[in-house]
Each structure stands twice: as C-alpha cells, then as structure tokens.
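Content type mmCIF, C-alpha atoms, from the file model-v3.cif:
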data_data
#
loop_
_atom_site.group_PDB
_atom_site.id
_atom_site.type_symbol
_atom_site.label_atom_id
_atom_site.label_comp_id
_atom_site.auth_asym_id
_atom_site.auth_seq_id
_atom_site.Cartn_x
_atom_site.Cartn_y
_atom_site.Cartn_z
ATOM 1 C CA MET A 27 158.600 -29.690 23.639
ATOM 2 C CA THR A 28 155.249 -30.735 22.208
ATOM 3 C CA LYS A 29 155.035 -34.397 21.202
ATOM 4 C CA VAL A 30 152.829 -35.340 18.227
ATOM 5 C CA ILE A 31 152.254 -38.926 17.138
ATOM 6 C CA GLY A 32 150.637 -40.097 13.927
ATOM 7 C CA ILE A 33 148.745 -43.384 14.032
ATOM 8 C CA VAL A 34 148.227 -44.872 10.571
ATOM 9 C CA GLY A 35 145.528 -47.521 10.137
ATOM 10 C CA SER A 36 146.250 -48.564 6.570
ATOM 11 C CA ALA A 37 147.483 -51.999 5.577
ATOM 12 C CA ARG A 38 149.352 -50.640 2.569
ATOM 13 C CA LYS A 39 152.083 -48.048 2.487
ATOM 14 C CA GLY A 40 150.181 -45.548 0.389
ATOM 15 C CA ASN A 41 148.281 -42.290 0.615
ATOM 16 C CA GLY A 42 147.328 -42.340 4.282
ATOM 17 C CA LEU A 43 150.934 -42.980 5.236
ATOM 18 C CA ALA A 44 152.188 -40.229 2.907
ATOM 19 C CA LEU A 45 149.680 -37.696 4.249
ATOM 20 C CA THR A 46 150.393 -38.613 7.864
ATOM 21 C CA LYS A 47 154.146 -38.300 7.294
ATOM 22 C CA ALA A 48 153.562 -34.885 5.696
ATOM 23 C CA ALA A 49 151.342 -33.823 8.622
ATOM 24 C CA LEU A 50 154.070 -34.916 11.053
ATOM 25 C CA ASP A 51 156.611 -32.948 8.979
ATOM 26 C CA GLY A 52 154.360 -29.899 9.404
ATOM 27 C CA ALA A 53 154.149 -30.505 13.143
ATOM 28 C CA ALA A 54 157.954 -30.780 13.288
ATOM 29 C CA GLU A 55 158.277 -27.511 11.372
ATOM 30 C CA ALA A 56 156.073 -25.974 14.086
ATOM 31 C CA GLY A 57 158.530 -27.188 16.728
ATOM 32 C CA ALA A 58 157.060 -30.541 17.751
ATOM 33 C CA GLU A 59 158.812 -33.828 18.331
ATOM 34 C CA THR A 60 157.045 -36.431 16.171
ATOM 35 C CA GLU A 61 156.634 -40.169 15.901
ATOM 36 C CA LEU A 62 154.831 -42.381 13.391
ATOM 37 C CA ILE A 63 153.001 -45.555 14.439
ATOM 38 C CA ARG A 64 151.875 -47.841 11.641
ATOM 39 C CA LEU A 65 149.291 -50.250 13.056
ATOM 40 C CA ALA A 66 149.833 -52.829 10.301
ATOM 41 C CA ASP A 67 153.400 -53.311 11.563
ATOM 42 C CA LEU A 68 152.209 -54.247 15.052
ATOM 43 C CA GLU A 69 150.668 -57.367 16.514
ATOM 44 C CA ILE A 70 147.462 -56.121 18.131
ATOM 45 C CA LYS A 71 144.793 -58.536 19.295
ATOM 46 C CA PRO A 72 141.092 -57.668 19.376
ATOM 47 C CA CYS A 73 139.310 -56.568 22.535
ATOM 48 C CA ILE A 74 137.780 -59.562 24.323
ATOM 49 C CA ASP A 75 135.546 -57.447 26.605
ATOM 50 C CA CYS A 76 136.786 -59.243 29.706
ATOM 51 C CA GLY A 77 136.499 -56.191 31.993
ATOM 52 C CA TYR A 78 140.107 -56.388 33.227
ATOM 53 C CA CYS A 79 140.812 -52.813 32.119
ATOM 54 C CA LYS A 80 137.846 -51.490 34.107
ATOM 55 C CA ALA A 81 139.245 -52.544 37.496
ATOM 56 C CA PRO A 82 140.759 -49.461 39.199
ATOM 57 C CA GLU A 83 144.059 -51.235 39.882
ATOM 58 C CA ASN A 84 144.609 -52.125 36.196
ATOM 59 C CA LYS A 85 146.097 -49.440 33.979
ATOM 60 C CA TYR A 86 145.892 -51.179 30.617
ATOM 61 C CA CYS A 87 144.559 -54.268 28.920
ATOM 62 C CA VAL A 88 144.941 -57.877 30.049
ATOM 63 C CA GLN A 89 146.333 -58.727 26.621
ATOM 64 C CA LYS A 90 150.097 -58.380 26.477
ATOM 65 C CA ASP A 91 150.619 -57.246 22.916
ATOM 66 C CA ALA A 92 151.904 -54.182 21.066
ATOM 67 C CA MET A 93 148.883 -52.092 22.073
ATOM 68 C CA ASN A 94 150.251 -51.555 25.587
ATOM 69 C CA ALA A 95 153.278 -49.748 24.098
ATOM 70 C CA VAL A 96 150.876 -47.705 21.942
ATOM 71 C CA PHE A 97 148.962 -46.761 25.101
ATOM 72 C CA ASP A 98 152.231 -45.499 26.618
ATOM 73 C CA LYS A 99 152.977 -43.414 23.532
ATOM 74 C CA ILE A 100 149.486 -41.934 23.480
ATOM 75 C CA GLU A 101 149.730 -41.113 27.168
ATOM 76 C CA ALA A 102 153.073 -39.340 26.611
ATOM 77 C CA ALA A 103 151.875 -37.430 23.527
ATOM 78 C CA ASP A 104 150.358 -33.971 23.507
ATOM 79 C CA SER A 105 148.620 -34.484 20.160
ATOM 80 C CA ILE A 106 147.587 -37.461 18.071
ATOM 81 C CA ILE A 107 146.867 -37.582 14.344
ATOM 82 C CA PHE A 108 144.628 -40.520 13.467
ATOM 83 C CA SER A 109 144.764 -41.714 9.857
ATOM 84 C CA THR A 110 142.572 -44.270 8.136
ATOM 85 C CA PRO A 111 141.602 -45.151 4.608
ATOM 86 C CA VAL A 112 137.973 -45.835 3.785
ATOM 87 C CA TYR A 113 137.327 -49.455 2.904
ATOM 88 C CA PHE A 114 133.786 -50.189 1.792
ATOM 89 C CA GLY A 115 132.339 -47.072 3.411
ATOM 90 C CA ARG A 116 134.072 -47.319 6.801
ATOM 91 C CA GLU A 117 137.432 -47.225 8.556
ATOM 92 C CA SER A 118 140.007 -49.944 7.901
ATOM 93 C CA ALA A 119 140.032 -53.111 10.002
ATOM 94 C CA GLU A 120 143.384 -52.092 11.507
ATOM 95 C CA PHE A 121 141.997 -48.752 12.612
ATOM 96 C CA LEU A 122 138.758 -50.217 13.991
ATOM 97 C CA LEU A 123 140.804 -52.742 15.976
ATOM 98 C CA PHE A 124 142.859 -49.874 17.421
ATOM 99 C CA VAL A 125 139.737 -47.884 18.353
ATOM 100 C CA ASP A 126 138.183 -50.935 20.015
ATOM 101 C CA ARG A 127 141.314 -51.442 22.085
ATOM 102 C CA MET A 128 141.225 -47.790 23.213
ATOM 103 C CA TYR A 129 138.299 -49.008 25.342
ATOM 104 C CA ALA A 130 140.986 -49.941 27.887
ATOM 105 C CA MET A 131 141.716 -46.231 28.368
ATOM 106 C CA ALA A 132 138.210 -45.607 29.721
ATOM 107 C CA ARG A 133 137.294 -46.349 33.314
ATOM 108 C CA ALA A 134 134.164 -48.327 34.239
ATOM 109 C CA ASP A 135 132.202 -45.045 34.382
ATOM 110 C CA PHE A 136 133.606 -44.181 30.903
ATOM 111 C CA SER A 137 135.712 -41.312 32.181
ATOM 112 C CA SER A 138 139.171 -41.155 30.655
ATOM 113 C CA LYS A 139 142.273 -42.675 32.206
ATOM 114 C CA LEU A 140 144.260 -40.314 29.971
ATOM 115 C CA PRO A 141 144.837 -36.593 30.542
ATOM 116 C CA LYS A 142 142.230 -34.332 28.938
ATOM 117 C CA ASP A 143 144.765 -31.760 27.721
ATOM 118 C CA LYS A 144 145.479 -33.607 24.456
ATOM 119 C CA LYS A 145 144.614 -32.603 20.889
ATOM 120 C CA PHE A 146 143.702 -34.819 17.970
ATOM 121 C CA GLY A 147 143.059 -34.591 14.260
ATOM 122 C CA THR A 148 141.791 -37.076 11.705
ATOM 123 C CA ILE A 149 143.150 -37.857 8.232
ATOM 124 C CA VAL A 150 140.880 -39.862 5.919
ATOM 125 C CA THR A 151 141.728 -41.094 2.421
ATOM 126 C CA ILE A 152 138.946 -42.222 0.114
ATOM 127 C CA GLY A 153 138.865 -43.856 -3.296
ATOM 128 C CA SER A 154 135.502 -42.693 -4.542
ATOM 129 C CA MET A 155 133.115 -41.730 -1.772
ATOM 130 C CA GLY A 156 132.453 -38.161 -0.721
ATOM 131 C CA GLU A 157 132.897 -35.834 2.195
ATOM 132 C CA GLU A 158 129.938 -37.271 4.096
ATOM 133 C CA VAL A 159 131.841 -40.541 4.575
ATOM 134 C CA ALA A 160 135.013 -38.762 5.748
ATOM 135 C CA GLU A 161 132.959 -36.551 8.053
ATOM 136 C CA SER A 162 131.140 -39.568 9.477
ATOM 137 C CA ILE A 163 134.458 -41.220 10.359
ATOM 138 C CA HIS A 164 135.732 -38.004 11.898
ATOM 139 C CA GLN A 165 132.556 -37.615 13.950
ATOM 140 C CA THR A 166 133.081 -41.107 15.364
ATOM 141 C CA GLU A 167 136.593 -40.123 16.446
ATOM 142 C CA ALA A 168 135.235 -36.837 17.841
ATOM 143 C CA ARG A 169 132.647 -38.683 19.967
ATOM 144 C CA ILE A 170 135.310 -40.968 21.399
ATOM 145 C CA PHE A 171 138.396 -38.786 21.699
ATOM 146 C CA GLY A 172 136.716 -35.398 21.982
ATOM 147 C CA GLY A 173 133.669 -36.523 23.937
ATOM 148 C CA MET A 174 134.675 -39.420 26.171
ATOM 149 C CA PHE A 175 138.353 -38.497 26.518
ATOM 150 C CA GLY A 176 137.824 -34.727 26.489
ATOM 151 C CA TRP A 177 140.562 -33.972 23.942
ATOM 152 C CA THR A 178 140.515 -30.899 21.687
ATOM 153 C CA ASP A 179 139.383 -31.677 18.143
ATOM 154 C CA CYS A 180 141.693 -30.002 15.601
ATOM 155 C CA GLY A 181 139.603 -31.116 12.655
ATOM 156 C CA LEU A 182 139.490 -33.358 9.640
ATOM 157 C CA PHE A 183 141.797 -33.519 6.625
ATOM 158 C CA TRP A 184 140.485 -35.770 3.873
ATOM 159 C CA LYS A 185 141.226 -36.459 0.247
ATOM 160 C CA ASN A 186 139.138 -38.236 -2.374
ATOM 161 C CA MET A 187 140.177 -40.120 -5.524
ATOM 162 C CA MET A 188 143.115 -41.756 -3.755
ATOM 163 C CA HIS A 189 142.961 -44.948 -5.847
ATOM 164 C CA ALA A 190 146.607 -44.956 -6.914
ATOM 165 C CA LYS A 191 148.917 -45.885 -4.064
ATOM 166 C CA ASP A 192 151.110 -42.833 -4.724
ATOM 167 C CA ALA A 193 148.380 -40.278 -5.613
ATOM 168 C CA ALA A 194 149.121 -38.115 -2.573
ATOM 169 C CA GLU A 195 152.905 -38.120 -2.694
ATOM 170 C CA LYS A 196 152.881 -37.194 -6.387
ATOM 171 C CA ASN A 197 150.805 -34.092 -5.642
ATOM 172 C CA PRO A 198 152.847 -31.322 -3.933
ATOM 173 C CA GLU A 199 149.683 -29.309 -3.284
ATOM 174 C CA ILE A 200 148.110 -32.125 -1.273
ATOM 175 C CA ILE A 201 151.352 -32.693 0.645
ATOM 176 C CA ALA A 202 151.476 -28.959 1.489
ATOM 177 C CA GLU A 203 147.868 -29.123 2.730
ATOM 178 C CA ALA A 204 148.748 -32.112 4.927
ATOM 179 C CA LYS A 205 151.738 -30.229 6.374
ATOM 180 C CA ALA A 206 149.471 -27.282 7.196
ATOM 181 C CA PHE A 207 147.058 -29.701 8.908
ATOM 182 C CA GLY A 208 149.932 -31.087 10.979
ATOM 183 C CA LYS A 209 150.766 -27.583 12.211
ATOM 184 C CA LYS A 210 147.176 -27.202 13.466
ATOM 185 C CA VAL A 211 147.579 -30.042 15.976
ATOM 186 C CA VAL A 212 150.676 -28.629 17.657
#

Translate the structure of the given file into structure tokens.
Amino acid sequence: MTKVIGIVGSARKGNGLALTKAALDGAAEAGAETELIRLADLEIKPCIDCGYCKAPENKYCVQKDAMNAVFDKIEAADSIIFSTPVYFGRESAEFLLFVDRMYAMARADFSSKLPKDKKFGTIVTIGSMGEEVAESIHQTEARIFGGMFGWTDCGLFWKNMMHAKDAAEKNPEIIAEAKAFGKKVV
C-alpha cells in the first residue's frame, strides 16, 4: 500500500492544516495509507552545521530530537505533501527549520541518502500575496526535493486570501480541490 505523509509547517491550526488534512483524505480515497505530521507539535532544534550527518557511518543528525523520527517517516513514505503558510513573503519558521534539518538526508557530495522513487507536492496558504510567492516557495522545494533528492514533483496547490483561520474549511470547493491534489501524489 502506498504511504503518504503530510508535513504541516504552520504554528496555528488553521488553513494549511485543513488543506493538508483534505489532501490526505484524497490520498486515502485513492487507496493510500496516510499520516499527518504537525511540526509545531514537535521539538525540533535548528541545524548546527557540525558535519556529523555527512560522515558515511552516520545515518541522521547528531541532535537527538523529534526530527530523527520524522526522518524515519519520510524514509518509509512513498509520497510527502509539504504545507506551509506564507509569513512576510516566505515560508514559516517551523517549515524553514524542517527544511534546514533535511540537510542531514544529503551526503557530503549532496546526493540523497533517501530513495529517489518518492513523490512530493506543496501546499501554500497566503493571506494577501499572489501566485508568484507561492510559486517561489514551491520552486525552492522542487530544487531540494526534486533536484537534490530526485523525487517526482506532483505540483503546487495554493490558496490566497486565507486570513481567517477557518477560511479553507468553510469552503467546500477549496476542500474538494485539496482532496483532488492529494490524489495526485499517490
């Protein structure tokens, strides 16, 4: 069975969480086993660039925090849905911390420690900026996960005007779109 995980990088339980849950529901409808990871619920320390993870004998990071369990889940997954809100024109601090720590999954030559047969998609929620900001965030993920890790990019799902915490969940059309996006990553 295909395993799809959703990684939510929002501090609040709002639109990004609702859209990621809907995308995972869509993946489940397509036959996948799903799991949600909410980064704000985990204790994850920042990368200290110590080089420990680059030694061939070391699988993960020197820091013994929740990120090592996230690494295991990513390794076991077939597809990953990344979700971040836009805060001041960029990804959230939680999501940037997560991406920085993914550095441990690259060898010293920047080849991937993870299998290349994975898929990924990106969900971005924005309060008032346009598609160019969402696309910029997605392109960053595509360079890392598609380029360095060699995963298949299943695209970007983004929504604007997500000021109200419940804007997405109150809109059945948006939830249906998120479910359809989730089916694309299976």

Nearest residue to A:Ala37 from the set A:Thr60, A:Asn84, A:Gln89, A:Thr110 (distances using all atoms listed in the file)
A:Thr110

Considering only C-alpha atoms, return as an MDAnalysis selection string whatever protein or nucleic-acid residues lie within 12 Å of A:Asp179, sequence-local ones (same chain, fewer than 4 positions apart) excluded.
chainID A and resid 105:108 142:148 164:173 175 183 210:212

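Take the PyMOL selection byres ((chain A and resi 195) around 10) and apply it to this file: it picks Gly40, Asn41, Gly42, Leu43, Ala44, Leu45, Ala48, Lys191, Asp192, Ala193, Ala194, Lys196, Asn197, Pro198, Glu199, Ile200 and Ile201 of chain A.
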
Quick one: everything within 8 Å of A:Ala134, counting all atoms listed in the file, minus sequence neighbours fewer than 3 positions away in the same chain. Send it as an NGL selection string.
:A and (80-81 or 137)

When the PyMOL selection byres ((chain A and resi 59) around 7) is applied to the structure above, which residues does it catch, written out as a ChimeraX atom specification?
/A:27-30,54,57-58,60

Which value, in Å to one decimal, gives the distance between atom CA of A:Met128 and atom CA of A:Asp51?
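Spanning atom CA of A:Met128 to atom CA of A:Asp51 is a straight-line distance of 25.7 Å.
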
Put a box with edges along x, y and z around all the listed atoms of stretch 113-118 of chain A, pad it by 3 Å on each side, then give me its centre and sizes in Å, one decimal, as JSON.
{"center_x": 136.2, "center_y": -48.6, "center_z": 5.2, "size_x": 13.7, "size_y": 9.1, "size_z": 12.8}

In terms of the shortest atom-to-atom distance over all atoms listed in the file, which of A:Pro141, A:Asp75, A:Val112, A:Leu123 is closest to A:Thr178?
A:Pro141

Would you kindly return, as an mmCIF file with C-alpha atoms, in the frame of the given file, each protein, DNA or RNA residue with an atom no farther than 6 Å from any atom of stretch 186-190 of chain A, considering all atoms listed in the file and excluding same-chain residues fewer than 6 positions away?
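Output file out_1.cif is given in full below:
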data_model
loop_
_atom_site.group_PDB
_atom_site.id
_atom_site.type_symbol
_atom_site.label_atom_id
_atom_site.label_comp_id
_atom_site.auth_asym_id
_atom_site.auth_seq_id
_atom_site.Cartn_x
_atom_site.Cartn_y
_atom_site.Cartn_z
ATOM 1 C CA ILE A 152 138.946 -42.222 0.114
ATOM 2 C CA GLY A 153 138.865 -43.856 -3.296
ATOM 3 C CA SER A 154 135.502 -42.693 -4.542
#

A:Tyr129: which residues within 9 Å, counting all atoms listed in the file, same-chain residues fewer than 5 positions away excluded, as a PyMOL selection string?
chain A and resi 73+75+79+87+136

Of the residues A:Met155, A:Val150, A:Met93, A:Cys180, which is the one nearest to A:Asp67, using all atoms listed in the file?
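Among the listed residues, the smallest separation from A:Asp67 belongs to A:Met93.
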
Quick one: apply the PyMOL selection byres ((chain A and resi 52) around 6) to the file and drop the selected residues here as a VMD selection string.
chain A and resid 49 to 51 53 to 55 205 to 206 208 to 209

Gap from atom CA of A:Gly156 to atom CA of A:Gly181 - Å, one decimal:
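Going from atom CA of A:Gly156 over to atom CA of A:Gly181, I get 16.7 Å.
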
As an exercise, work out the distance from atom CA of A:Ser162 to atom CA of A:Ser118 in Å and give it to one decimal place.
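Atom-to-atom, atom CA of A:Ser162 to atom CA of A:Ser118, that is 13.7 Å.
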
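Nearest-residue note for A:Lys90: choosing from A:Cys76, A:Leu62, A:Leu140, A:Ile70, the minimum distance belongs to A:Ile70, counting all atoms listed in the file.
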
Can you take the partial stretch 110-134 of chain A, add N, CA and C atoms, and return it as a short mmCIF file (atom, residue, chain, number, x, y, z; two decimals), keeping the file's coordinate frame?
data_model
loop_
_atom_site.label_atom_id
_atom_site.label_comp_id
_atom_site.auth_asym_id
_atom_site.auth_seq_id
_atom_site.Cartn_x
_atom_site.Cartn_y
_atom_site.Cartn_z
N THR A 110 143.16 -43.03 8.63
CA THR A 110 142.57 -44.27 8.14
C THR A 110 142.10 -44.10 6.70
N PRO A 111 142.26 -45.16 5.91
CA PRO A 111 141.60 -45.15 4.61
C PRO A 111 140.15 -45.57 4.80
N VAL A 112 139.35 -45.35 3.78
CA VAL A 112 137.97 -45.84 3.78
C VAL A 112 137.95 -47.11 2.96
N TYR A 113 137.52 -48.18 3.58
CA TYR A 113 137.33 -49.46 2.90
C TYR A 113 135.85 -49.80 2.99
N PHE A 114 135.19 -49.81 1.87
CA PHE A 114 133.79 -50.19 1.79
C PHE A 114 132.91 -49.33 2.72
N GLY A 115 133.18 -48.03 2.70
CA GLY A 115 132.34 -47.07 3.41
C GLY A 115 132.62 -46.90 4.88
N ARG A 116 133.74 -47.44 5.38
CA ARG A 116 134.07 -47.32 6.80
C ARG A 116 135.59 -47.37 6.99
N GLU A 117 136.01 -47.18 8.24
CA GLU A 117 137.43 -47.22 8.56
C GLU A 117 138.00 -48.61 8.24
N SER A 118 139.33 -48.67 8.15
CA SER A 118 140.01 -49.94 7.90
C SER A 118 139.89 -50.85 9.12
N ALA A 119 140.07 -52.14 8.90
CA ALA A 119 140.03 -53.11 10.00
C ALA A 119 141.11 -52.81 11.04
N GLU A 120 142.29 -52.42 10.57
CA GLU A 120 143.38 -52.09 11.51
C GLU A 120 142.99 -50.93 12.41
N PHE A 121 142.37 -49.92 11.83
CA PHE A 121 142.00 -48.75 12.61
C PHE A 121 140.84 -49.07 13.57
N LEU A 122 139.87 -49.84 13.11
CA LEU A 122 138.76 -50.22 13.99
C LEU A 122 139.25 -51.06 15.16
N LEU A 123 140.21 -51.94 14.91
CA LEU A 123 140.80 -52.74 15.98
C LEU A 123 141.46 -51.83 17.01
N PHE A 124 142.21 -50.84 16.54
CA PHE A 124 142.86 -49.87 17.42
C PHE A 124 141.82 -49.13 18.27
N VAL A 125 140.77 -48.63 17.62
CA VAL A 125 139.74 -47.88 18.35
C VAL A 125 139.07 -48.78 19.40
N ASP A 126 138.77 -50.01 19.04
CA ASP A 126 138.18 -50.94 20.02
C ASP A 126 139.09 -51.12 21.22
N ARG A 127 140.38 -51.24 20.98
CA ARG A 127 141.31 -51.44 22.08
C ARG A 127 141.50 -50.19 22.94
N MET A 128 141.17 -49.02 22.41
CA MET A 128 141.22 -47.79 23.21
C MET A 128 140.20 -47.83 24.34
N TYR A 129 139.27 -48.78 24.26
CA TYR A 129 138.30 -49.01 25.34
C TYR A 129 139.02 -49.18 26.68
N ALA A 130 140.21 -49.73 26.66
CA ALA A 130 140.99 -49.94 27.89
C ALA A 130 141.40 -48.63 28.55
N MET A 131 141.34 -47.53 27.81
CA MET A 131 141.72 -46.23 28.37
C MET A 131 140.53 -45.49 28.98
N ALA A 132 139.39 -46.17 29.05
CA ALA A 132 138.21 -45.61 29.72
C ALA A 132 137.94 -46.41 30.99
N ARG A 133 137.64 -45.69 32.05
CA ARG A 133 137.29 -46.35 33.31
C ARG A 133 135.89 -46.97 33.20
N ALA A 134 135.48 -47.68 34.23
CA ALA A 134 134.16 -48.33 34.24
C ALA A 134 133.04 -47.31 34.06
#
